[in-house]
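Report on one structure; see the data block that follows.
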There are 2 protein chains.
Amino acid sequence: MNLEPLFKSLKQGQNRLAGQNRREKDAALRSVIAALDAGRRDILAANEKDVSEARRKGMKEALIDRLSLNDSRINATLEGIEALIRQSDPVNNVKSYWTLPNGLFIEEITVPLGVAAVIYESRPNVTVDVFSLAYKAGCGVLLRGSSSALESNRVLVRAIKQGLETGGGVPNAVALADSGRREEIQEILLARGWIDAVIPRGGKDLIRQVVENARVPVIETGAGNCHIYADASADIGKALDIIENAKVQKPGACNAVETLLIHYGIVSEIMPLLAERFAGRVELRCDPRSKQAIAAPPAELILKDAEESDWETEFLDYILAVKTVNSLEEAIGHIRRYGTGHSEAILTGDIGSAETFGRMVDAACVYTNASTRFTDGGEFGFGAELGISTQKFHARGPMGVNALTSIKYRITGQGQIRP
Amino acid sequence: MNLEPLFKSLKQGQNRLAGQNRREKDAALRSVIAALDAGRRDILAANEKDVSEARRKGMKEALIDRLSLNDSRINATLEGIEALIRQSDPVNNVKSYWTLPNGLFIEEITVPLGVAAVIYESRPNVTVDVFSLAYKAGCGVLLRGSSSALESNRVLVRAIKQGLETGGGVPNAVALADSGRREEIQEILLARGWIDAVIPRGGKDLIRQVVENARVPVIETGAGNCHIYADASADIGKALDIIENAKVQKPGACNAVETLLIHYGIVSEIMPLLAERFAGRVELRCDPRSKQAIAAPPAELILKDAEESDWETEFLDYILAVKTVNSLEEAIGHIRRYGTGHSEAILTGDIGSAETFGRMVDAACVYTNASTRFTDGGEFGFGAELGISTQKFHARGPMGVNALTSIKYRITGQGQIRP
């Protein structure tokens with residue numbers, strides 16, 4: 001295995017880092033901010049190389065934008081580290097404690113998860129975000145970015161390591177897997193005993209590859225086929241604002257709404273207004289009742305008949321599927337069938353409907369009267385985020401530093417033996 | 001897939017169970033106690049069949065004992081359910097909550113993990129323990145016991161389902177995979193979308209099979225190569241009692257001690273006393289210094305030279321490896337190298353050593369001045385246990401109902417949209 005020396009070095013680094021207290025970790029992070037700040041020119045120059053190479057290869061402008069760094073993006077990243085420094089230490093906290101009848105005192109204490117591997121796509125600021133979250137949690141981290149961002153990531157990781165060095169930190173708690181070989185990913189996925197969790201951040205194909213091949217635990221960050229259900233008692237004005245926001249504010253985001261479910265009692269009221277708002281902006285794929293309810297479609301509206309496949313599709317685009325339902329239960333049933341457990345919302349004035357929806361819908365984030373677009377570590381106040389977990393195992397929803405912790409039990413006795 | 005109808009039925013059952021409150025779940029569990037109590041004769045008769053079949057096939061008596069049920073074992077199991085009924089509901093608890101600057105109110109709420117599959121060996125009381133933990137957590141559970149316990153498990157699960165039926169519970173939240181085919185396990189391991197976690201309880205081979213083949217998340221319950229480190233300042237009398245207890249009280253248990261590490265400063269004091277205690281009972285495999293320290297070995301003592309392989313071995317037998325170390329750091333280094341992250345103990349009078357050991361040893365349970373034998377859900381006060389997790393992901397250490405929960409975020413707004 002080619003990566004074994006890297007794994008070994010990371011594990012040693014993590015062991016040392018686990019012994020550092022909050023002051024030491026924060027001082028090292030502060031020094032990383034300084035090093036990244038001082039290295040701006042090199043970082044931007046390396047990024048420029050990546051960007052022109054990507055352009056030369058014909059990368060789409062939307063992806064070029066994700067790949068690009070500039071001063072304000074670097075500033076935002078550094079502010080993310082600042083915010084993380086202000087957060088309390090996620091490890092060495094006592095989560096619970098109790099005394100047994102025999103006098104044994106048990107404490108459940110948060111500890112670093114160990115070494116995490118994060119496999120991600122083009123955005124180079126993820127490199128810094130993920131490193132800083134892992135470091136704060138006392139974890140080693142193996143970064144495996146896209147080959148298109150290789151120059152940027154190399155310079156970023158070099159600056160991070162240098163900052164750790166001068167700040168009294170542990171430089172070998174972070175490493176970049178930078179061979180560019182695809183087999184590198186496979187090696188990471190099989191590294192039982194070295195890697196405690198692998199987190200794929202990217203498209204469906206990457207996630208499938210990871211899940212099917214990993215022998216180390218995986219945190220899936222994935223698809224969001226998100227729904228908004230407009231209940232009979234919804235405030236129509238607010239509903240329109242929320243639906244519009246959830247659809248168009250960033251259609252390519254995993255927390256954007258893809259299907260709107262409408263109670264039949266308000267479908268004739270809401271659809272003409274929605275058609276007006278979305279004319280020329282969002283294509284509607286409607287079931288017969290919601291289509292009919294539009295009555296006089298605006299000229300610019302793209303209006304199609306919904307097909308079965310539309311209910312299953314994460315469009316990530318200016319497209320909204322619309323379905324009329326007869327009841328709250330039908331809405332919940334639809335979400336249970338087609339949802340991906342990401343973000344689901346009910347718009348309602350009825351406290352009972354909100355309660356039932358909140359209880360019966362099995363998703364990471366369940367909203368009442370708000371846009372699904374808030375499912376985000378930054379919005380939740382977690383600082384940077386590792387991604388949004390769509391699994392129920394270990395971590396769920398937006399993941400901040402806590403997703404990189406585990407627990408240990410510390411048991412203190414005075415000579416107790418088991419009878 | 002042959003098991004798909006079973007998966008589907010379990011998922012439907014779990015969906016229904018998730019909607020039940022504590023009173024409903026507890027009433028159903030109480031009815032299960034009554035059904036198992038009323039069914040004793042059938043249960044014991046079925047178990048008798050399993051036992052005589054196993055004897056006919058030449059099963060060892062130790063395993064026959066694990067397979068055997070009797071009235072007192074049934075009583076203990078029913079008392080386990082009683083204890084679980086007394087416990088508060090592990091789901092629908094608010095773990096944390098906060099309000100965002102924009103007024104969104106976020107609650108982190110515990111929810112059932114979903115459907116768990118437990119693959120286990122001969123003990124039929126595990127069937128009842130695991131079912132009751134899962135039910136209390138609102139989870140569906142697929143039980144895959146040993147074929148040697150098939151008759152017992154069939155009658156037990158029939159009684160459980162009947163109890164759920166009469167008690168207003170959800171009978172299809174539990175199922176037994178009872179084809180006896182080995183491919184059944186493989187089907188369970190690949191059941192993504194149906195099974196939320198698989199928990200293997202058994203020997204190394206089973207665990208390896210599960211880890212290597214599973215596409216659903218796994219909670220490993222596994223090997224315990226446990227250490228006791230007797231520090232220079234240990235109370236010798238208490239140390240001997242703890243070492244003896246951790247070794248001989250149940251040598252086949254995963255929390256029994258396998259290697260004793262002794263600070264060189266007390267090795268000449270402790271070894272002769274240990275040799276006396278263990279003569280005729282426990283074989284010692286010593287490094288040169290600890291062997292020499294015995295000076296005059298009792299006639300009945302089995303004393304061997306330790307080999308490298310002894311440090312790695314989970315003996316599960318009346319054998320103890322002994323090594324002299326020069327420092328606390330050397331002891332921690334040895335544990336880091338050979339430990340399996342299960343249970344590790346320090347015996348010391350020094351508060352600094354206890355603190356360093358507790359912080360630096362990365363294991364599910366870290367003891368100060370107590371026997372490692374306490375690593376157990378029952379001893380910890382969790383009621384029955386699902387097993388002891390030796391991984392750091394999702395659940396660690398003795399697992400009670402909480403290991404079968406996840407969280408969801410419930411977000412309540414008044415029309416908030418993302419700017």
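Identifiers in this document derive from the order of the structure tokens: chains are assigned A, B, ..., residues are numbered from 1 separately in each chain, and ligands are numbered from 1 in order of occurrence.
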
Residues of chain B within 7 Å of chain A, counting only C-alpha atoms, what are they? List them as a VMD selection string.
chain B and resid 19 113 211 to 212 215 238 242 245 358 360 363 to 371 373 to 374 392 to 394 396 406 to 418

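We find atom CA of A:Asn255 and atom CA of A:Leu386 to be spaced 15.2 Å apart.
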
Using only C-alpha atoms, which protein or nucleic acid residues come within 7 Å of stretch 267-282 of chain A? Drop anything in the same chain fewer than 6 positions from it, and give the result as a VMD selection string.
chain A and resid 236 240 290 293 to 294 297 to 298 300 to 302 318 to 320

Name the residues of stretch 156-291 of chain B that come out as helix (DSSP H, G or I) in a backbone DSSP run; write them as number ranges by chain.
B: 156-166, 171-173, 183-189, 204-213, 236-248, 264-278, 288-291

For the residues selected in the previous step, produce a file with C-alpha atoms as a PDB file, in the first residue's frame.
```
ATOM      1  CA  LEU B 156     -39.767 -17.208  21.639  1.00  0.00           C
ATOM      2  CA  VAL B 157     -40.516 -14.951  18.688  1.00  0.00           C
ATOM      3  CA  ARG B 158     -43.976 -16.476  18.326  1.00  0.00           C
ATOM      4  CA  ALA B 159     -44.683 -15.645  21.979  1.00  0.00           C
ATOM      5  CA  ILE B 160     -43.273 -12.134  21.559  1.00  0.00           C
ATOM      6  CA  LYS B 161     -45.476 -11.450  18.534  1.00  0.00           C
ATOM      7  CA  GLN B 162     -48.501 -12.823  20.336  1.00  0.00           C
ATOM      8  CA  GLY B 163     -47.757 -10.606  23.336  1.00  0.00           C
ATOM      9  CA  LEU B 164     -47.459  -7.579  21.054  1.00  0.00           C
ATOM     10  CA  GLU B 165     -50.741  -8.498  19.372  1.00  0.00           C
ATOM     11  CA  THR B 166     -52.724  -8.717  22.616  1.00  0.00           C
ATOM     12  CA  PRO B 171     -46.122  -7.482  15.924  1.00  0.00           C
ATOM     13  CA  ASN B 172     -44.386  -6.933  12.602  1.00  0.00           C
ATOM     14  CA  ALA B 173     -41.737  -4.712  14.195  1.00  0.00           C
ATOM     15  CA  GLU B 183     -26.860 -16.884   2.301  1.00  0.00           C
ATOM     16  CA  GLU B 184     -29.505 -15.270   4.453  1.00  0.00           C
ATOM     17  CA  ILE B 185     -26.752 -13.372   6.264  1.00  0.00           C
ATOM     18  CA  GLN B 186     -25.364 -12.105   2.975  1.00  0.00           C
ATOM     19  CA  GLU B 187     -28.805 -10.850   1.978  1.00  0.00           C
ATOM     20  CA  ILE B 188     -29.099  -8.941   5.236  1.00  0.00           C
ATOM     21  CA  LEU B 189     -25.678  -7.347   4.774  1.00  0.00           C
ATOM     22  CA  LYS B 204     -14.013 -13.177  15.009  1.00  0.00           C
ATOM     23  CA  ASP B 205     -15.058 -15.022  11.861  1.00  0.00           C
ATOM     24  CA  LEU B 206     -18.612 -13.762  12.000  1.00  0.00           C
ATOM     25  CA  ILE B 207     -17.463 -10.202  12.599  1.00  0.00           C
ATOM     26  CA  ARG B 208     -14.949 -10.371   9.764  1.00  0.00           C
ATOM     27  CA  GLN B 209     -17.588 -11.760   7.414  1.00  0.00           C
ATOM     28  CA  VAL B 210     -19.946  -8.944   8.311  1.00  0.00           C
ATOM     29  CA  VAL B 211     -17.407  -6.132   8.039  1.00  0.00           C
ATOM     30  CA  GLU B 212     -16.052  -7.340   4.715  1.00  0.00           C
ATOM     31  CA  ASN B 213     -19.382  -7.883   3.059  1.00  0.00           C
ATOM     32  CA  ILE B 236      -0.835  -4.170  46.404  1.00  0.00           C
ATOM     33  CA  GLY B 237      -3.683  -5.917  48.219  1.00  0.00           C
ATOM     34  CA  LYS B 238      -6.392  -4.254  46.128  1.00  0.00           C
ATOM     35  CA  ALA B 239      -4.312  -4.799  42.995  1.00  0.00           C
ATOM     36  CA  LEU B 240      -4.152  -8.549  43.594  1.00  0.00           C
ATOM     37  CA  ASP B 241      -7.915  -8.718  44.194  1.00  0.00           C
ATOM     38  CA  ILE B 242      -8.653  -6.755  41.020  1.00  0.00           C
ATOM     39  CA  ILE B 243      -6.226  -8.739  38.853  1.00  0.00           C
ATOM     40  CA  GLU B 244      -7.642 -12.014  40.166  1.00  0.00           C
ATOM     41  CA  ASN B 245     -11.209 -10.849  39.590  1.00  0.00           C
ATOM     42  CA  ALA B 246     -10.511  -9.540  36.093  1.00  0.00           C
ATOM     43  CA  LYS B 247      -8.814 -12.813  35.125  1.00  0.00           C
ATOM     44  CA  VAL B 248     -10.762 -15.635  36.752  1.00  0.00           C
ATOM     45  CA  TYR B 264       9.327  -2.253  37.659  1.00  0.00           C
ATOM     46  CA  GLY B 265       9.255  -0.606  41.079  1.00  0.00           C
ATOM     47  CA  ILE B 266       6.679  -3.072  42.435  1.00  0.00           C
ATOM     48  CA  VAL B 267       7.342  -6.132  40.322  1.00  0.00           C
ATOM     49  CA  SER B 268       9.348  -7.934  43.018  1.00  0.00           C
ATOM     50  CA  GLU B 269       6.644  -7.255  45.567  1.00  0.00           C
ATOM     51  CA  ILE B 270       3.628  -8.224  43.482  1.00  0.00           C
ATOM     52  CA  MET B 271       4.848 -11.247  41.499  1.00  0.00           C
ATOM     53  CA  PRO B 272       5.431 -13.715  44.353  1.00  0.00           C
ATOM     54  CA  LEU B 273       1.968 -12.932  45.745  1.00  0.00           C
ATOM     55  CA  LEU B 274       0.387 -13.254  42.301  1.00  0.00           C
ATOM     56  CA  ALA B 275       2.206 -16.572  41.738  1.00  0.00           C
ATOM     57  CA  GLU B 276       0.783 -17.844  45.008  1.00  0.00           C
ATOM     58  CA  ARG B 277      -2.762 -16.822  44.106  1.00  0.00           C
ATOM     59  CA  PHE B 278      -2.634 -18.235  40.598  1.00  0.00           C
ATOM     60  CA  PRO B 288      12.155 -12.066  31.990  1.00  0.00           C
ATOM     61  CA  ARG B 289      11.899  -9.456  34.751  1.00  0.00           C
ATOM     62  CA  SER B 290       8.503 -10.510  36.038  1.00  0.00           C
ATOM     63  CA  LYS B 291       9.465 -14.182  35.834  1.00  0.00           C
TER      64      LYS B 291
END
```

Would you mind writing down, as a list in words, each residue of stretch 44-188 of chain B that DSSP on the backbone assigns to strand (DSSP E or B)?
Val94, Lys95, Ser96, Tyr97, Trp98, Thr99, Phe105, Ile106, Glu107, Glu108, Ile109, Thr110, Val111, Pro112, Val115, Ala116, Ala117, Val118, Ile119, Tyr120, Gly140, Val141, Leu142, Leu143, Arg144, Val174, Ala175 and Leu176 of chain B

Contact residues around A:Arg66 with only C-alpha atoms at 12 Å, ignoring same-chain residues under 3 positions, as a PyMOL selection string:
chain A and resi 47+50-51+54+59-63+69-70+73+121-126+146+148-149

Atom CA of A:Leu303 to atom CA of A:Gly203: how many Å, to one decimal?
28.4 Å

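Straight-line separation from atom CA of A:Gly140 to atom CA of A:Gln14: 4.8 Å.
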